[in-house]
file target-v4.cif (mmCIF, N, CA and C atoms; chains and numbers go by the auth columns)
data_structure
#
loop_
_atom_site.group_PDB
_atom_site.id
_atom_site.type_symbol
_atom_site.label_atom_id
_atom_site.label_comp_id
_atom_site.label_asym_id
_atom_site.label_seq_id
_atom_site.Cartn_x
_atom_site.Cartn_y
_atom_site.Cartn_z
_atom_site.B_iso_or_equiv
_atom_site.auth_seq_id
_atom_site.auth_asym_id
ATOM 1 N N MET A 1 57.702 87.157 60.303 0.00 1 A
ATOM 2 C CA MET A 1 58.304 86.810 61.545 0.00 1 A
ATOM 3 C C MET A 1 57.794 87.781 62.604 0.00 1 A
ATOM 4 N N ASP A 2 57.325 87.275 63.718 0.00 2 A
ATOM 5 C CA ASP A 2 56.879 88.106 64.834 0.00 2 A
ATOM 6 C C ASP A 2 57.937 88.069 65.928 0.00 2 A
ATOM 7 N N ASP A 3 58.145 89.204 66.581 0.00 3 A
ATOM 8 C CA ASP A 3 59.112 89.297 67.661 0.00 3 A
ATOM 9 C C ASP A 3 58.483 90.123 68.775 0.00 3 A
ATOM 10 N N SER A 4 58.589 89.660 70.022 0.00 4 A
ATOM 11 C CA SER A 4 57.975 90.359 71.154 0.00 4 A
ATOM 12 C C SER A 4 59.019 91.061 72.003 0.00 4 A
ATOM 13 N N TYR A 5 58.664 92.279 72.420 0.00 5 A
ATOM 14 C CA TYR A 5 59.478 93.090 73.309 0.00 5 A
ATOM 15 C C TYR A 5 58.599 93.475 74.493 0.00 5 A
ATOM 16 N N PRO A 6 59.149 94.001 75.577 0.00 6 A
ATOM 17 C CA PRO A 6 58.311 94.329 76.741 0.00 6 A
ATOM 18 C C PRO A 6 57.147 95.269 76.426 0.00 6 A
ATOM 19 N N ASP A 7 57.346 96.245 75.535 0.00 7 A
ATOM 20 C CA ASP A 7 56.306 97.248 75.284 0.00 7 A
ATOM 21 C C ASP A 7 55.481 97.026 74.023 0.00 7 A
ATOM 22 N N PHE A 8 55.898 96.094 73.156 0.00 8 A
ATOM 23 C CA PHE A 8 55.174 95.896 71.904 0.00 8 A
ATOM 24 C C PHE A 8 55.578 94.585 71.237 0.00 8 A
ATOM 25 N N THR A 9 54.775 94.180 70.258 0.00 9 A
ATOM 26 C CA THR A 9 55.099 93.048 69.399 0.00 9 A
ATOM 27 C C THR A 9 55.256 93.580 67.984 0.00 9 A
ATOM 28 N N ALA A 10 56.331 93.198 67.339 0.00 10 A
ATOM 29 C CA ALA A 10 56.610 93.662 65.981 0.00 10 A
ATOM 30 C C ALA A 10 56.497 92.503 65.005 0.00 10 A
ATOM 31 N N ALA A 11 55.994 92.789 63.823 0.00 11 A
ATOM 32 C CA ALA A 11 55.919 91.798 62.748 0.00 11 A
ATOM 33 C C ALA A 11 56.804 92.285 61.606 0.00 11 A
ATOM 34 N N LEU A 12 57.686 91.415 61.132 0.00 12 A
ATOM 35 C CA LEU A 12 58.544 91.714 59.992 0.00 12 A
ATOM 36 C C LEU A 12 58.093 90.859 58.829 0.00 12 A
ATOM 37 N N SER A 13 57.939 91.482 57.666 0.00 13 A
ATOM 38 C CA SER A 13 57.505 90.763 56.467 0.00 13 A
ATOM 39 C C SER A 13 58.378 91.174 55.289 0.00 13 A
ATOM 40 N N LEU A 14 58.886 90.199 54.564 0.00 14 A
ATOM 41 C CA LEU A 14 59.595 90.495 53.324 0.00 14 A
ATOM 42 C C LEU A 14 58.559 90.743 52.247 0.00 14 A
ATOM 43 N N LEU A 15 58.559 91.927 51.656 0.00 15 A
ATOM 44 C CA LEU A 15 57.614 92.259 50.596 0.00 15 A
ATOM 45 C C LEU A 15 58.163 91.851 49.238 0.00 15 A
ATOM 46 N N SER A 16 59.482 91.896 49.103 0.00 16 A
ATOM 47 C CA SER A 16 60.164 91.512 47.870 0.00 16 A
ATOM 48 C C SER A 16 61.633 91.310 48.221 0.00 16 A
ATOM 49 N N THR A 17 62.450 91.069 47.233 0.00 17 A
ATOM 50 C CA THR A 17 63.881 90.940 47.490 0.00 17 A
ATOM 51 C C THR A 17 64.513 92.296 47.786 0.00 17 A
ATOM 52 N N ALA A 18 63.725 93.371 47.689 0.00 18 A
ATOM 53 C CA ALA A 18 64.269 94.711 47.894 0.00 18 A
ATOM 54 C C ALA A 18 63.541 95.521 48.969 0.00 18 A
ATOM 55 N N GLN A 19 62.453 94.966 49.577 0.00 19 A
ATOM 56 C CA GLN A 19 61.708 95.724 50.593 0.00 19 A
ATOM 57 C C GLN A 19 61.272 94.844 51.756 0.00 19 A
ATOM 58 N N LEU A 20 61.275 95.461 52.951 0.00 20 A
ATOM 59 C CA LEU A 20 60.870 94.811 54.191 0.00 20 A
ATOM 60 C C LEU A 20 59.832 95.701 54.873 0.00 20 A
ATOM 61 N N LYS A 21 58.786 95.079 55.457 0.00 21 A
ATOM 62 C CA LYS A 21 57.774 95.831 56.209 0.00 21 A
ATOM 63 C C LYS A 21 57.935 95.510 57.692 0.00 21 A
ATOM 64 N N PHE A 22 58.011 96.568 58.515 0.00 22 A
ATOM 65 C CA PHE A 22 58.082 96.477 59.967 0.00 22 A
ATOM 66 C C PHE A 22 56.774 97.037 60.496 0.00 22 A
ATOM 67 N N GLU A 23 56.052 96.235 61.282 0.00 23 A
ATOM 68 C CA GLU A 23 54.721 96.670 61.733 0.00 23 A
ATOM 69 C C GLU A 23 54.529 96.422 63.221 0.00 23 A
ATOM 70 N N ILE A 24 54.126 97.488 63.929 0.00 24 A
ATOM 71 C CA ILE A 24 53.653 97.388 65.309 0.00 24 A
ATOM 72 C C ILE A 24 52.154 97.642 65.218 0.00 24 A
ATOM 73 N N LYS A 25 51.345 96.632 65.558 0.00 25 A
ATOM 74 C CA LYS A 25 49.909 96.698 65.290 0.00 25 A
ATOM 75 C C LYS A 25 49.087 97.425 66.346 0.00 25 A
ATOM 76 N N GLU A 26 49.544 97.423 67.622 0.00 26 A
ATOM 77 C CA GLU A 26 48.712 97.989 68.682 0.00 26 A
ATOM 78 C C GLU A 26 49.509 98.909 69.600 0.00 26 A
ATOM 79 N N GLY A 27 48.783 99.801 70.294 0.00 27 A
ATOM 80 C CA GLY A 27 49.386 100.655 71.306 0.00 27 A
ATOM 81 C C GLY A 27 49.894 101.973 70.765 0.00 27 A
ATOM 82 N N PRO A 28 50.516 102.762 71.635 0.00 28 A
ATOM 83 C CA PRO A 28 50.964 104.101 71.254 0.00 28 A
ATOM 84 C C PRO A 28 52.113 104.095 70.233 0.00 28 A
ATOM 85 N N LEU A 29 52.792 102.984 70.105 0.00 29 A
ATOM 86 C CA LEU A 29 53.892 102.882 69.133 0.00 29 A
ATOM 87 C C LEU A 29 53.427 102.324 67.785 0.00 29 A
ATOM 88 N N ALA A 30 52.127 102.079 67.629 0.00 30 A
ATOM 89 C CA ALA A 30 51.603 101.440 66.419 0.00 30 A
ATOM 90 C C ALA A 30 51.924 102.246 65.162 0.00 30 A
ATOM 91 N N HIS A 31 52.540 101.572 64.204 0.00 31 A
ATOM 92 C CA HIS A 31 52.824 102.163 62.897 0.00 31 A
ATOM 93 C C HIS A 31 53.410 101.084 61.987 0.00 31 A
ATOM 94 N N ILE A 32 53.526 101.443 60.726 0.00 32 A
ATOM 95 C CA ILE A 32 54.122 100.562 59.727 0.00 32 A
ATOM 96 C C ILE A 32 55.238 101.334 59.038 0.00 32 A
ATOM 97 N N GLU A 33 56.370 100.687 58.863 0.00 33 A
ATOM 98 C CA GLU A 33 57.456 101.262 58.078 0.00 33 A
ATOM 99 C C GLU A 33 57.816 100.280 56.972 0.00 33 A
ATOM 100 N N ILE A 34 57.997 100.787 55.781 0.00 34 A
ATOM 101 C CA ILE A 34 58.467 99.977 54.658 0.00 34 A
ATOM 102 C C ILE A 34 59.831 100.531 54.271 0.00 34 A
ATOM 103 N N VAL A 35 60.847 99.662 54.336 0.00 35 A
ATOM 104 C CA VAL A 35 62.209 100.112 54.071 0.00 35 A
ATOM 105 C C VAL A 35 62.826 99.303 52.938 0.00 35 A
ATOM 106 N N ASP A 36 63.736 99.945 52.237 0.00 36 A
ATOM 107 C CA ASP A 36 64.513 99.246 51.216 0.00 36 A
ATOM 108 C C ASP A 36 65.565 98.399 51.912 0.00 36 A
ATOM 109 N N ILE A 37 65.819 97.219 51.371 0.00 37 A
ATOM 110 C CA ILE A 37 66.801 96.320 51.970 0.00 37 A
ATOM 111 C C ILE A 37 67.792 95.837 50.916 0.00 37 A
ATOM 112 N N HIS A 38 68.904 95.345 51.423 0.00 38 A
ATOM 113 C CA HIS A 38 69.906 94.691 50.590 0.00 38 A
ATOM 114 C C HIS A 38 70.265 93.390 51.309 0.00 38 A
ATOM 115 N N VAL A 39 70.078 92.259 50.645 0.00 39 A
ATOM 116 C CA VAL A 39 70.316 90.945 51.250 0.00 39 A
ATOM 117 C C VAL A 39 71.615 90.370 50.709 0.00 39 A
ATOM 118 N N VAL A 40 72.464 89.877 51.632 0.00 40 A
ATOM 119 C CA VAL A 40 73.727 89.251 51.250 0.00 40 A
ATOM 120 C C VAL A 40 73.744 87.831 51.811 0.00 40 A
ATOM 121 N N PRO A 41 73.729 86.808 50.940 0.00 41 A
ATOM 122 C CA PRO A 41 73.806 85.431 51.428 0.00 41 A
ATOM 123 C C PRO A 41 75.165 85.161 52.085 0.00 41 A
ATOM 124 N N LEU A 42 75.142 84.514 53.262 0.00 42 A
ATOM 125 C CA LEU A 42 76.373 84.179 53.966 0.00 42 A
ATOM 126 C C LEU A 42 76.692 82.689 53.881 0.00 42 A
ATOM 127 N N GLY A 43 75.747 81.895 53.373 0.00 43 A
ATOM 128 C CA GLY A 43 75.929 80.451 53.285 0.00 43 A
ATOM 129 C C GLY A 43 75.284 79.755 54.467 0.00 43 A
ATOM 130 N N ASN A 44 75.070 78.453 54.319 0.00 44 A
ATOM 131 C CA ASN A 44 74.491 77.617 55.377 0.00 44 A
ATOM 132 C C ASN A 44 73.166 78.182 55.891 0.00 44 A
ATOM 133 N N SER A 45 72.306 78.640 54.981 0.00 45 A
ATOM 134 C CA SER A 45 70.975 79.191 55.288 0.00 45 A
ATOM 135 C C SER A 45 71.027 80.456 56.135 0.00 45 A
ATOM 136 N N MET A 46 72.134 81.167 56.121 0.00 46 A
ATOM 137 C CA MET A 46 72.257 82.428 56.850 0.00 46 A
ATOM 138 C C MET A 46 72.407 83.568 55.857 0.00 46 A
ATOM 139 N N PHE A 47 71.921 84.756 56.260 0.00 47 A
ATOM 140 C CA PHE A 47 72.037 85.919 55.396 0.00 47 A
ATOM 141 C C PHE A 47 72.098 87.181 56.244 0.00 47 A
ATOM 142 N N TRP A 48 72.610 88.238 55.658 0.00 48 A
ATOM 143 C CA TRP A 48 72.688 89.551 56.284 0.00 48 A
ATOM 144 C C TRP A 48 71.729 90.464 55.538 0.00 48 A
ATOM 145 N N ILE A 49 70.977 91.288 56.287 0.00 49 A
ATOM 146 C CA ILE A 49 70.061 92.249 55.668 0.00 49 A
ATOM 147 C C ILE A 49 70.460 93.644 56.116 0.00 49 A
ATOM 148 N N GLY A 50 70.736 94.514 55.158 0.00 50 A
ATOM 149 C CA GLY A 50 70.984 95.924 55.439 0.00 50 A
ATOM 150 C C GLY A 50 69.729 96.705 55.079 0.00 50 A
ATOM 151 N N THR A 51 69.356 97.673 55.914 0.00 51 A
ATOM 152 C CA THR A 51 68.142 98.462 55.658 0.00 51 A
ATOM 153 C C THR A 51 68.457 99.945 55.615 0.00 51 A
ATOM 154 N N SER A 52 67.545 100.692 55.007 0.00 52 A
ATOM 155 C CA SER A 52 67.628 102.146 55.097 0.00 52 A
ATOM 156 C C SER A 52 67.111 102.546 56.472 0.00 52 A
ATOM 157 N N HIS A 53 67.342 103.766 56.880 0.00 53 A
ATOM 158 C CA HIS A 53 66.892 104.224 58.191 0.00 53 A
ATOM 159 C C HIS A 53 65.642 105.081 58.053 0.00 53 A
ATOM 160 N N PRO A 54 64.947 105.371 59.176 0.00 54 A
ATOM 161 C CA PRO A 54 63.647 106.046 59.118 0.00 54 A
ATOM 162 C C PRO A 54 63.570 107.302 58.255 0.00 54 A
ATOM 163 N N GLN A 55 64.650 108.056 58.076 0.00 55 A
ATOM 164 C CA GLN A 55 64.586 109.227 57.216 0.00 55 A
ATOM 165 C C GLN A 55 64.171 108.835 55.813 0.00 55 A
ATOM 166 N N GLU A 56 64.568 107.639 55.387 0.00 56 A
ATOM 167 C CA GLU A 56 64.281 107.181 54.035 0.00 56 A
ATOM 168 C C GLU A 56 63.084 106.240 53.993 0.00 56 A
ATOM 169 N N ALA A 57 62.588 105.856 55.154 0.00 57 A
ATOM 170 C CA ALA A 57 61.496 104.883 55.226 0.00 57 A
ATOM 171 C C ALA A 57 60.157 105.549 54.911 0.00 57 A
ATOM 172 N N ARG A 58 59.247 104.763 54.373 0.00 58 A
ATOM 173 C CA ARG A 58 57.887 105.229 54.124 0.00 58 A
ATOM 174 C C ARG A 58 57.033 104.762 55.287 0.00 58 A
ATOM 175 N N ARG A 59 56.384 105.685 55.969 0.00 59 A
ATOM 176 C CA ARG A 59 55.538 105.334 57.118 0.00 59 A
ATOM 177 C C ARG A 59 54.072 105.416 56.712 0.00 59 A
ATOM 178 N N ASP A 60 53.326 104.387 57.047 0.00 60 A
ATOM 179 C CA ASP A 60 51.891 104.336 56.768 0.00 60 A
ATOM 180 C C ASP A 60 51.171 104.003 58.066 0.00 60 A
ATOM 181 N N LEU A 61 49.942 104.442 58.208 0.00 61 A
ATOM 182 C CA LEU A 61 49.119 104.064 59.379 0.00 61 A
ATOM 183 C C LEU A 61 47.947 103.261 58.909 0.00 61 A
#

call {"tool": "encode", "arguments": {"input": "target-v4.cif", "output": "structure tokens"}}
result
Amino acid sequence: MDDSYPDFTAALSLLSTAQLKFEIKEGPLAHIEIVDIHVVPLGNSMFWIGTSHPQEARRDL
């Protein structure tokens, strides 16, 4: 899923049922974070995703 903000475009990718990748591809904010997630189904094709925060995230360039 791609999402655009005034200063950057972010791409979110589910790597598995337990990990999510957040990627900013260009500009001074460019980086990749891989975080652990917990998914809770809410029904009717909706779900909640809880993530770890940057202290626990793995950052790659």

call {"tool": "atom_distance", "arguments": {"input": "target-v4.cif", "atom1": "atom C of Glu26 of chain A", "atom2": "atom N of Phe8 of chain A"}}
result
7.8 Å

call {"tool": "residues_around", "arguments": {"input": "target-v4.cif", "residues": "Met1 of chain A", "least_positions_apart": "6", "cutoff": "6.5 Å", "atoms": "only N, CA and C atoms", "output": "list in words"}}
result
Ala10, Ala11, Leu12 and Ser13 of chain A

call {"tool": "residues_around", "arguments": {"input": "target-v4.cif", "residues": "Thr17 of chain A", "least_positions_apart": "6", "cutoff": "8 Å", "atoms": "only C-alpha atoms", "output": "PyMOL selection string"}}
result
chain A and resi 37-39

call {"tool": "axis_aligned_box", "arguments": {"input": "target-v4.cif", "around": "segment 23-42 of chain A", "padding_each_side": "4 Å", "output": "JSON"}}
result
{"center_x": 62.7, "center_y": 93.4, "center_z": 61.1, "size_x": 36.0, "size_y": 29.4, "size_z": 29.0}

call {"tool": "atom_distance", "arguments": {"input": "target-v4.cif", "atom1": "atom CA of Val40 of chain A", "atom2": "atom C of Ser16 of chain A"}}
result
12.6 Å

call {"tool": "closest_residue", "arguments": {"input": "target-v4.cif", "among": "A:Phe47, A:Leu15, A:Asp7, A:Leu42", "to": "Pro28 of chain A", "atoms": "only N, CA and C atoms"}}
result
A:Asp7

call {"tool": "select_by_dssp", "arguments": {"input": "target-v4.cif", "residues": "chain A", "states": "strand (DSSP E)", "output": "mmCIF file with N, CA and C atoms, keeping the file's coordinate frame"}}
result
data_model
loop_
_atom_site.group_PDB
_atom_site.id
_atom_site.type_symbol
_atom_site.label_atom_id
_atom_site.label_comp_id
_atom_site.auth_asym_id
_atom_site.auth_seq_id
_atom_site.Cartn_x
_atom_site.Cartn_y
_atom_site.Cartn_z
ATOM 1 N N ASP A 2 57.325 87.275 63.718
ATOM 2 C CA ASP A 2 56.879 88.106 64.834
ATOM 3 C C ASP A 2 57.937 88.069 65.928
ATOM 4 N N ASP A 3 58.145 89.204 66.581
ATOM 5 C CA ASP A 3 59.112 89.297 67.661
ATOM 6 C C ASP A 3 58.483 90.123 68.775
ATOM 7 N N SER A 4 58.589 89.660 70.022
ATOM 8 C CA SER A 4 57.975 90.359 71.154
ATOM 9 C C SER A 4 59.019 91.061 72.003
ATOM 10 N N THR A 9 54.775 94.180 70.258
ATOM 11 C CA THR A 9 55.099 93.048 69.399
ATOM 12 C C THR A 9 55.256 93.580 67.984
ATOM 13 N N ALA A 10 56.331 93.198 67.339
ATOM 14 C CA ALA A 10 56.610 93.662 65.981
ATOM 15 C C ALA A 10 56.497 92.503 65.005
ATOM 16 N N ALA A 11 55.994 92.789 63.823
ATOM 17 C CA ALA A 11 55.919 91.798 62.748
ATOM 18 C C ALA A 11 56.804 92.285 61.606
ATOM 19 N N LEU A 12 57.686 91.415 61.132
ATOM 20 C CA LEU A 12 58.544 91.714 59.992
ATOM 21 C C LEU A 12 58.093 90.859 58.829
ATOM 22 N N SER A 13 57.939 91.482 57.666
ATOM 23 C CA SER A 13 57.505 90.763 56.467
ATOM 24 C C SER A 13 58.378 91.174 55.289
ATOM 25 N N LEU A 14 58.886 90.199 54.564
ATOM 26 C CA LEU A 14 59.595 90.495 53.324
ATOM 27 C C LEU A 14 58.559 90.743 52.247
ATOM 28 N N GLN A 19 62.453 94.966 49.577
ATOM 29 C CA GLN A 19 61.708 95.724 50.593
ATOM 30 C C GLN A 19 61.272 94.844 51.756
ATOM 31 N N LEU A 20 61.275 95.461 52.951
ATOM 32 C CA LEU A 20 60.870 94.811 54.191
ATOM 33 C C LEU A 20 59.832 95.701 54.873
ATOM 34 N N LYS A 21 58.786 95.079 55.457
ATOM 35 C CA LYS A 21 57.774 95.831 56.209
ATOM 36 C C LYS A 21 57.935 95.510 57.692
ATOM 37 N N PHE A 22 58.011 96.568 58.515
ATOM 38 C CA PHE A 22 58.082 96.477 59.967
ATOM 39 C C PHE A 22 56.774 97.037 60.496
ATOM 40 N N GLU A 23 56.052 96.235 61.282
ATOM 41 C CA GLU A 23 54.721 96.670 61.733
ATOM 42 C C GLU A 23 54.529 96.422 63.221
ATOM 43 N N ILE A 24 54.126 97.488 63.929
ATOM 44 C CA ILE A 24 53.653 97.388 65.309
ATOM 45 C C ILE A 24 52.154 97.642 65.218
ATOM 46 N N HIS A 31 52.540 101.572 64.204
ATOM 47 C CA HIS A 31 52.824 102.163 62.897
ATOM 48 C C HIS A 31 53.410 101.084 61.987
ATOM 49 N N ILE A 32 53.526 101.443 60.726
ATOM 50 C CA ILE A 32 54.122 100.562 59.727
ATOM 51 C C ILE A 32 55.238 101.334 59.038
ATOM 52 N N GLU A 33 56.370 100.687 58.863
ATOM 53 C CA GLU A 33 57.456 101.262 58.078
ATOM 54 C C GLU A 33 57.816 100.280 56.972
ATOM 55 N N ILE A 34 57.997 100.787 55.781
ATOM 56 C CA ILE A 34 58.467 99.977 54.658
ATOM 57 C C ILE A 34 59.831 100.531 54.271
ATOM 58 N N VAL A 35 60.847 99.662 54.336
ATOM 59 C CA VAL A 35 62.209 100.112 54.071
ATOM 60 C C VAL A 35 62.826 99.303 52.938
ATOM 61 N N ASP A 36 63.736 99.945 52.237
ATOM 62 C CA ASP A 36 64.513 99.246 51.216
ATOM 63 C C ASP A 36 65.565 98.399 51.912
ATOM 64 N N ILE A 37 65.819 97.219 51.371
ATOM 65 C CA ILE A 37 66.801 96.320 51.970
ATOM 66 C C ILE A 37 67.792 95.837 50.916
ATOM 67 N N HIS A 38 68.904 95.345 51.423
ATOM 68 C CA HIS A 38 69.906 94.691 50.590
ATOM 69 C C HIS A 38 70.265 93.390 51.309
ATOM 70 N N VAL A 39 70.078 92.259 50.645
ATOM 71 C CA VAL A 39 70.316 90.945 51.250
ATOM 72 C C VAL A 39 71.615 90.370 50.709
ATOM 73 N N VAL A 40 72.464 89.877 51.632
ATOM 74 C CA VAL A 40 73.727 89.251 51.250
ATOM 75 C C VAL A 40 73.744 87.831 51.811
ATOM 76 N N PRO A 41 73.729 86.808 50.940
ATOM 77 C CA PRO A 41 73.806 85.431 51.428
ATOM 78 C C PRO A 41 75.165 85.161 52.085
ATOM 79 N N LEU A 42 75.142 84.514 53.262
ATOM 80 C CA LEU A 42 76.373 84.179 53.966
ATOM 81 C C LEU A 42 76.692 82.689 53.881
ATOM 82 N N GLY A 43 75.747 81.895 53.373
ATOM 83 C CA GLY A 43 75.929 80.451 53.285
ATOM 84 C C GLY A 43 75.284 79.755 54.467
ATOM 85 N N MET A 46 72.134 81.167 56.121
ATOM 86 C CA MET A 46 72.257 82.428 56.850
ATOM 87 C C MET A 46 72.407 83.568 55.857
ATOM 88 N N PHE A 47 71.921 84.756 56.260
ATOM 89 C CA PHE A 47 72.037 85.919 55.396
ATOM 90 C C PHE A 47 72.098 87.181 56.244
ATOM 91 N N TRP A 48 72.610 88.238 55.658
ATOM 92 C CA TRP A 48 72.688 89.551 56.284
ATOM 93 C C TRP A 48 71.729 90.464 55.538
ATOM 94 N N ILE A 49 70.977 91.288 56.287
ATOM 95 C CA ILE A 49 70.061 92.249 55.668
ATOM 96 C C ILE A 49 70.460 93.644 56.116
ATOM 97 N N GLY A 50 70.736 94.514 55.158
ATOM 98 C CA GLY A 50 70.984 95.924 55.439
ATOM 99 C C GLY A 50 69.729 96.705 55.079
ATOM 100 N N THR A 51 69.356 97.673 55.914
ATOM 101 C CA THR A 51 68.142 98.462 55.658
ATOM 102 C C THR A 51 68.457 99.945 55.615
ATOM 103 N N ARG A 58 59.247 104.763 54.373
ATOM 104 C CA ARG A 58 57.887 105.229 54.124
ATOM 105 C C ARG A 58 57.033 104.762 55.287
ATOM 106 N N ARG A 59 56.384 105.685 55.969
ATOM 107 C CA ARG A 59 55.538 105.334 57.118
ATOM 108 C C ARG A 59 54.072 105.416 56.712
ATOM 109 N N ASP A 60 53.326 104.387 57.047
ATOM 110 C CA ASP A 60 51.891 104.336 56.768
ATOM 111 C C ASP A 60 51.171 104.003 58.066
#

call {"tool": "atom_distance", "arguments": {"input": "target-v4.cif", "atom1": "atom CA of Glu33 of chain A", "atom2": "atom CA of Met46 of chain A"}}
result
24.0 Å

call {"tool": "closest_residue", "arguments": {"input": "target-v4.cif", "among": "A:Ile32, A:Pro6, A:Ala18, A:Glu23", "to": "Gly50 of chain A", "atoms": "only C-alpha atoms"}}
result
A:Ala18

call {"tool": "build_atoms", "arguments": {"input": "target-v4.cif", "residues": "segment 13-29 of chain A", "atoms": "N, CA, C and O atoms", "output": "tab-separated table (two decimals), in the frame of the given file"}}
result
chain	number	residue	atom	x	y	z
A	13	SER	N	57.94	91.48	57.67
A	13	SER	CA	57.50	90.76	56.47
A	13	SER	C	58.38	91.17	55.29
A	13	SER	O	58.56	92.37	55.05
A	14	LEU	N	58.89	90.20	54.56
A	14	LEU	CA	59.60	90.50	53.32
A	14	LEU	C	58.56	90.74	52.25
A	14	LEU	O	57.72	89.88	51.97
A	15	LEU	N	58.56	91.93	51.66
A	15	LEU	CA	57.61	92.26	50.60
A	15	LEU	C	58.16	91.85	49.24
A	15	LEU	O	57.41	91.54	48.32
A	16	SER	N	59.48	91.90	49.10
A	16	SER	CA	60.16	91.51	47.87
A	16	SER	C	61.63	91.31	48.22
A	16	SER	O	62.01	91.40	49.39
A	17	THR	N	62.45	91.07	47.23
A	17	THR	CA	63.88	90.94	47.49
A	17	THR	C	64.51	92.30	47.79
A	17	THR	O	65.68	92.36	48.14
A	18	ALA	N	63.72	93.37	47.69
A	18	ALA	CA	64.27	94.71	47.89
A	18	ALA	C	63.54	95.52	48.97
A	18	ALA	O	63.93	96.64	49.26
A	19	GLN	N	62.45	94.97	49.58
A	19	GLN	CA	61.71	95.72	50.59
A	19	GLN	C	61.27	94.84	51.76
A	19	GLN	O	60.92	93.69	51.59
A	20	LEU	N	61.28	95.46	52.95
A	20	LEU	CA	60.87	94.81	54.19
A	20	LEU	C	59.83	95.70	54.87
A	20	LEU	O	59.97	96.93	54.88
A	21	LYS	N	58.79	95.08	55.46
A	21	LYS	CA	57.77	95.83	56.21
A	21	LYS	C	57.94	95.51	57.69
A	21	LYS	O	58.02	94.35	58.08
A	22	PHE	N	58.01	96.57	58.52
A	22	PHE	CA	58.08	96.48	59.97
A	22	PHE	C	56.77	97.04	60.50
A	22	PHE	O	56.42	98.18	60.17
A	23	GLU	N	56.05	96.24	61.28
A	23	GLU	CA	54.72	96.67	61.73
A	23	GLU	C	54.53	96.42	63.22
A	23	GLU	O	54.75	95.33	63.72
A	24	ILE	N	54.13	97.49	63.93
A	24	ILE	CA	53.65	97.39	65.31
A	24	ILE	C	52.15	97.64	65.22
A	24	ILE	O	51.73	98.72	64.82
A	25	LYS	N	51.34	96.63	65.56
A	25	LYS	CA	49.91	96.70	65.29
A	25	LYS	C	49.09	97.42	66.35
A	25	LYS	O	48.04	97.97	66.03
A	26	GLU	N	49.54	97.42	67.62
A	26	GLU	CA	48.71	97.99	68.68
A	26	GLU	C	49.51	98.91	69.60
A	26	GLU	O	50.72	98.79	69.71
A	27	GLY	N	48.78	99.80	70.29
A	27	GLY	CA	49.39	100.66	71.31
A	27	GLY	C	49.89	101.97	70.76
A	27	GLY	O	49.76	102.28	69.58
A	28	PRO	N	50.52	102.76	71.64
A	28	PRO	CA	50.96	104.10	71.25
A	28	PRO	C	52.11	104.10	70.23
A	28	PRO	O	52.36	105.10	69.58
A	29	LEU	N	52.79	102.98	70.10
A	29	LEU	CA	53.89	102.88	69.13
A	29	LEU	C	53.43	102.32	67.78
A	29	LEU	O	54.24	102.13	66.88
